[in-house]
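Enquirer: Let me give you the structure first, and then I'll get to my questions.
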Amino acid sequence: MEIIRAKTAGFCFGVDRAVKLTYDLLAQGRKVATLGPLIHNAQVVADLEAKGAVTCPDIDAVPDGYEVIIRSHGVPRSVYDKISTRSLAYHDATCPFVAKIHKIAMEADKNGALLLVAGDADHPEVQGIVGHTSGPVQVFANPEELQKLLPTLLQQESIYVVAQTTFRVESWENCKAFLKKECTKARIFDTICNATWARQQEAEDLSQKCDHMVVIGGHHSSNTQKLLQVAARHTKAINVETADELDPAWLAGAARVGVTAGASTPSSIIEEVLNSMSEEIRDDMSFEEMLKATEA
Ligand code: F3S
């Protein structure tokens, strides 16, 4: 069995930045509180907590004397106001790709435009984006939901359209094509981040060459689940959070397996999954095959 690891697998720029910032502050002996789990990876969050970080559901829960870390997903403007009311020190790890969408939302607000967001309304990134305008907002999750909004859109004077940074690329292209045809007054901003474009494209290519795809990442990680959807279009695909979840029986009979990982998956977990897959291959080999594979 051949294993091909995607070049884009693992931490993206924004997650890497937030994780390094938090570890640096902890190493300096600072007391830090993150608003929600810093990233969608239970192992990294547990390690940060073991080193003293506390995970708080909101600003009210941050203990006095702690410095707040705003995670890469960003937060609504109201959270900055609450931080200021409590005079808390804070570090803003909002990914620059997300911060750019916040600026577009503020611009929509200033111009009295409807903000139309392609994304998951329950996702913290989308809630942060929506929380940067006090004007009208509509969120849609796919082209079908967008089509249903058309009567409302046609009544608007001005519309700004953005996408959650991890939105599925193919779905976004369909939404753009629809808006360009049916609602020409919409100003569309391409806000899917570079890391998402590259990762989904590689998953698309790899899944067409492989019998099976293993997507490593959090079961609740939005970008991991999108990768799984992309891979599953072309081949058998499975999502595992850790090496323990990988059932060797699932890989039986595969000649070529592709491996990719979400933006919150640390390289240590990717290595563990790859190692356990390699062990399975060795267990399946005959003694002659083993000799050949290990020959210098
Ligand atoms: Fe930023 Fe994109 Fe990662 S928005 S946090 S680089 S997935």
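Labels used: A, B, ... for chains in the order of the structure tokens, numbers from 1 for residues in each chain, and numbers from 1 for ligands as shown.
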Name the residues, by chain letter and number, that sit within 7 Å of ligand 1 using only C-alpha atoms and all ligand atoms, and give them as a ChimeraX atom specification.
Expert: /A:12-15,72-73,95-98,165-166,193-196,263
Enquirer: Selected residues, N, CA and C atoms, written as a PDB file, in the first residue's frame, please.
Expert:
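Saved result, again24.pdb, follows:
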```pdb
ATOM      1  N   CYS A  12      -2.567  25.756   9.515  1.00  0.00           N
ATOM      2  CA  CYS A  12      -2.489  26.878   8.569  1.00  0.00           C
ATOM      3  C   CYS A  12      -1.782  28.033   9.278  1.00  0.00           C
ATOM      4  N   PHE A  13      -1.518  29.084   8.532  1.00  0.00           N
ATOM      5  CA  PHE A  13      -0.807  30.245   9.045  1.00  0.00           C
ATOM      6  C   PHE A  13      -1.494  30.860  10.269  1.00  0.00           C
ATOM      7  N   GLY A  14      -2.837  31.014  10.190  1.00  0.00           N
ATOM      8  CA  GLY A  14      -3.573  31.688  11.269  1.00  0.00           C
ATOM      9  C   GLY A  14      -3.590  30.881  12.559  1.00  0.00           C
ATOM     10  N   VAL A  15      -3.751  29.568  12.434  1.00  0.00           N
ATOM     11  CA  VAL A  15      -3.776  28.695  13.615  1.00  0.00           C
ATOM     12  C   VAL A  15      -2.384  28.631  14.233  1.00  0.00           C
ATOM     13  N   SER A  72      -8.187  32.685  16.368  1.00  0.00           N
ATOM     14  CA  SER A  72      -8.082  33.060  14.949  1.00  0.00           C
ATOM     15  C   SER A  72      -9.449  33.258  14.280  1.00  0.00           C
ATOM     16  N   HIS A  73     -10.508  32.641  14.833  1.00  0.00           N
ATOM     17  CA  HIS A  73     -11.864  32.816  14.274  1.00  0.00           C
ATOM     18  C   HIS A  73     -12.368  34.247  14.355  1.00  0.00           C
ATOM     19  N   CYS A  95      -7.230  35.852  12.681  1.00  0.00           N
ATOM     20  CA  CYS A  95      -6.461  35.664  11.438  1.00  0.00           C
ATOM     21  C   CYS A  95      -6.665  36.880  10.526  1.00  0.00           C
ATOM     22  N   PRO A  96      -5.615  37.367   9.885  1.00  0.00           N
ATOM     23  CA  PRO A  96      -5.778  38.522   8.989  1.00  0.00           C
ATOM     24  C   PRO A  96      -6.822  38.302   7.889  1.00  0.00           C
ATOM     25  N   PHE A  97      -7.010  37.054   7.467  1.00  0.00           N
ATOM     26  CA  PHE A  97      -8.031  36.781   6.441  1.00  0.00           C
ATOM     27  C   PHE A  97      -9.434  37.048   7.010  1.00  0.00           C
ATOM     28  N   VAL A  98      -9.614  36.762   8.294  1.00  0.00           N
ATOM     29  CA  VAL A  98     -10.907  37.002   8.947  1.00  0.00           C
ATOM     30  C   VAL A  98     -11.066  38.504   9.224  1.00  0.00           C
ATOM     31  N   THR A 165     -14.230  31.938   5.719  1.00  0.00           N
ATOM     32  CA  THR A 165     -12.909  31.650   5.116  1.00  0.00           C
ATOM     33  C   THR A 165     -12.744  30.187   4.725  1.00  0.00           C
ATOM     34  N   THR A 166     -13.509  29.285   5.408  1.00  0.00           N
ATOM     35  CA  THR A 166     -13.346  27.854   5.135  1.00  0.00           C
ATOM     36  C   THR A 166     -14.517  27.287   4.326  1.00  0.00           C
ATOM     37  N   CYS A 193     -10.080  31.813   2.389  1.00  0.00           N
ATOM     38  CA  CYS A 193      -8.646  32.114   2.561  1.00  0.00           C
ATOM     39  C   CYS A 193      -7.778  31.223   1.665  1.00  0.00           C
ATOM     40  N   ASN A 194      -6.554  31.701   1.429  1.00  0.00           N
ATOM     41  CA  ASN A 194      -5.635  30.976   0.547  1.00  0.00           C
ATOM     42  C   ASN A 194      -5.389  29.550   1.024  1.00  0.00           C
ATOM     43  N   ALA A 195      -5.266  29.406   2.359  1.00  0.00           N
ATOM     44  CA  ALA A 195      -4.973  28.075   2.915  1.00  0.00           C
ATOM     45  C   ALA A 195      -6.111  27.109   2.585  1.00  0.00           C
ATOM     46  N   THR A 196      -7.352  27.589   2.659  1.00  0.00           N
ATOM     47  CA  THR A 196      -8.507  26.732   2.363  1.00  0.00           C
ATOM     48  C   THR A 196      -8.541  26.359   0.879  1.00  0.00           C
ATOM     49  N   ALA A 263      -6.864  22.368   9.213  1.00  0.00           N
ATOM     50  CA  ALA A 263      -5.952  23.470   9.573  1.00  0.00           C
ATOM     51  C   ALA A 263      -5.605  23.514  11.055  1.00  0.00           C
TER      52      ALA A 263
END
```
Enquirer: List as a PyMOL selection string the protein and nucleic acid residues near A:Ala27, meaning an atom at most 10 Å away when only C-alpha atoms are counted, but skip any in the same chain fewer than 4 places from it.
Expert: chain A and resi 21-23+51-52
Enquirer: Limited to N, CA and C atoms, could you put the picked residues into a file as a PDB file, in the first residue's frame?
Expert:
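That gives us again08.pdb:
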```
ATOM      1  N   LEU A  21       1.569  32.115  19.815  1.00  0.00           N
ATOM      2  CA  LEU A  21       1.357  33.256  20.719  1.00  0.00           C
ATOM      3  C   LEU A  21       0.990  32.757  22.121  1.00  0.00           C
ATOM      4  N   THR A  22       0.076  31.786  22.190  1.00  0.00           N
ATOM      5  CA  THR A  22      -0.393  31.292  23.492  1.00  0.00           C
ATOM      6  C   THR A  22       0.734  30.565  24.231  1.00  0.00           C
ATOM      7  N   TYR A  23       1.459  29.692  23.519  1.00  0.00           N
ATOM      8  CA  TYR A  23       2.576  28.984  24.170  1.00  0.00           C
ATOM      9  C   TYR A  23       3.643  29.982  24.632  1.00  0.00           C
ATOM     10  N   LYS A  51      -0.698  23.499  30.899  1.00  0.00           N
ATOM     11  CA  LYS A  51       0.362  24.493  31.112  1.00  0.00           C
ATOM     12  C   LYS A  51      -0.187  25.761  31.772  1.00  0.00           C
ATOM     13  N   GLY A  52      -1.487  25.773  32.081  1.00  0.00           N
ATOM     14  CA  GLY A  52      -2.041  26.893  32.856  1.00  0.00           C
ATOM     15  C   GLY A  52      -3.080  27.742  32.147  1.00  0.00           C
TER      16      GLY A  52
END
```
Enquirer: Given only C-alpha atoms as the basis, pick out the residue of A:Asp58, A:Asp120, A:Glu2, A:Asp81 nearest to A:Val139.
Expert: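 For A:Val139, the nearest of the candidates is A:Asp120.
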Enquirer: Atom CA of A:His212 and atom CA of A:Trp172 are how many Å apart?
Expert: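 About the pair atom CA of A:His212 and atom CA of A:Trp172: they are 25.8 Å apart.
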Enquirer: Mind running stretch 36-114 of chain A against stretch 142-156 of chain A at 10 Å and telling me each contacting residue's nearest atom pair with the distance in Å (one decimal), counting only C-alpha atoms, chain and number ascending, as CSV?
Expert:
```
residue,atom,partner,partner_atom,distance
A:Gly112,CA,A:Gln156,CA,9.9
A:Ala113,CA,A:Gln156,CA,7.8
A:Leu114,CA,A:Gln156,CA,7.1
```
Enquirer: With distances taken over only C-alpha atoms, which of A:His219, A:Arg256, A:Lys209, A:Arg199 is nearest to A:Ala6?
Expert: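 Looking at the shortest contact to A:Ala6, the residue is A:Arg199.
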Enquirer: Determine the nearest neighbour of A:Asp16 from the options A:Leu251, A:Gly74, A:Thr265, A:Lys31, counting only C-alpha atoms.
Expert: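 Answer, going by the shortest atom-to-atom distance: A:Thr265.
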Enquirer: So that I can check the surroundings of A:His234, please list as a VMD selection string every protein, DNA and RNA residue that reaches within 9 Å of it, counting only C-alpha atoms and ignoring chain neighbours fewer than 5 positions away.
Expert: chain A and resid 204 207 to 210
Enquirer: Keeping C-alpha atoms for every residue in the selection just given, could you write it to a file as an mmCIF file, in the first residue's frame?
Expert:
```cif
data_model
loop_
_atom_site.group_PDB
_atom_site.id
_atom_site.type_symbol
_atom_site.label_atom_id
_atom_site.label_comp_id
_atom_site.auth_asym_id
_atom_site.auth_seq_id
_atom_site.Cartn_x
_atom_site.Cartn_y
_atom_site.Cartn_z
ATOM 1 C CA GLU A 204 -9.680 17.128 -4.713
ATOM 2 C CA SER A 207 -8.749 11.820 -3.833
ATOM 3 C CA GLN A 208 -8.960 11.239 -7.590
ATOM 4 C CA LYS A 209 -5.688 9.308 -7.524
ATOM 5 C CA CYS A 210 -6.333 7.239 -4.373
#
```
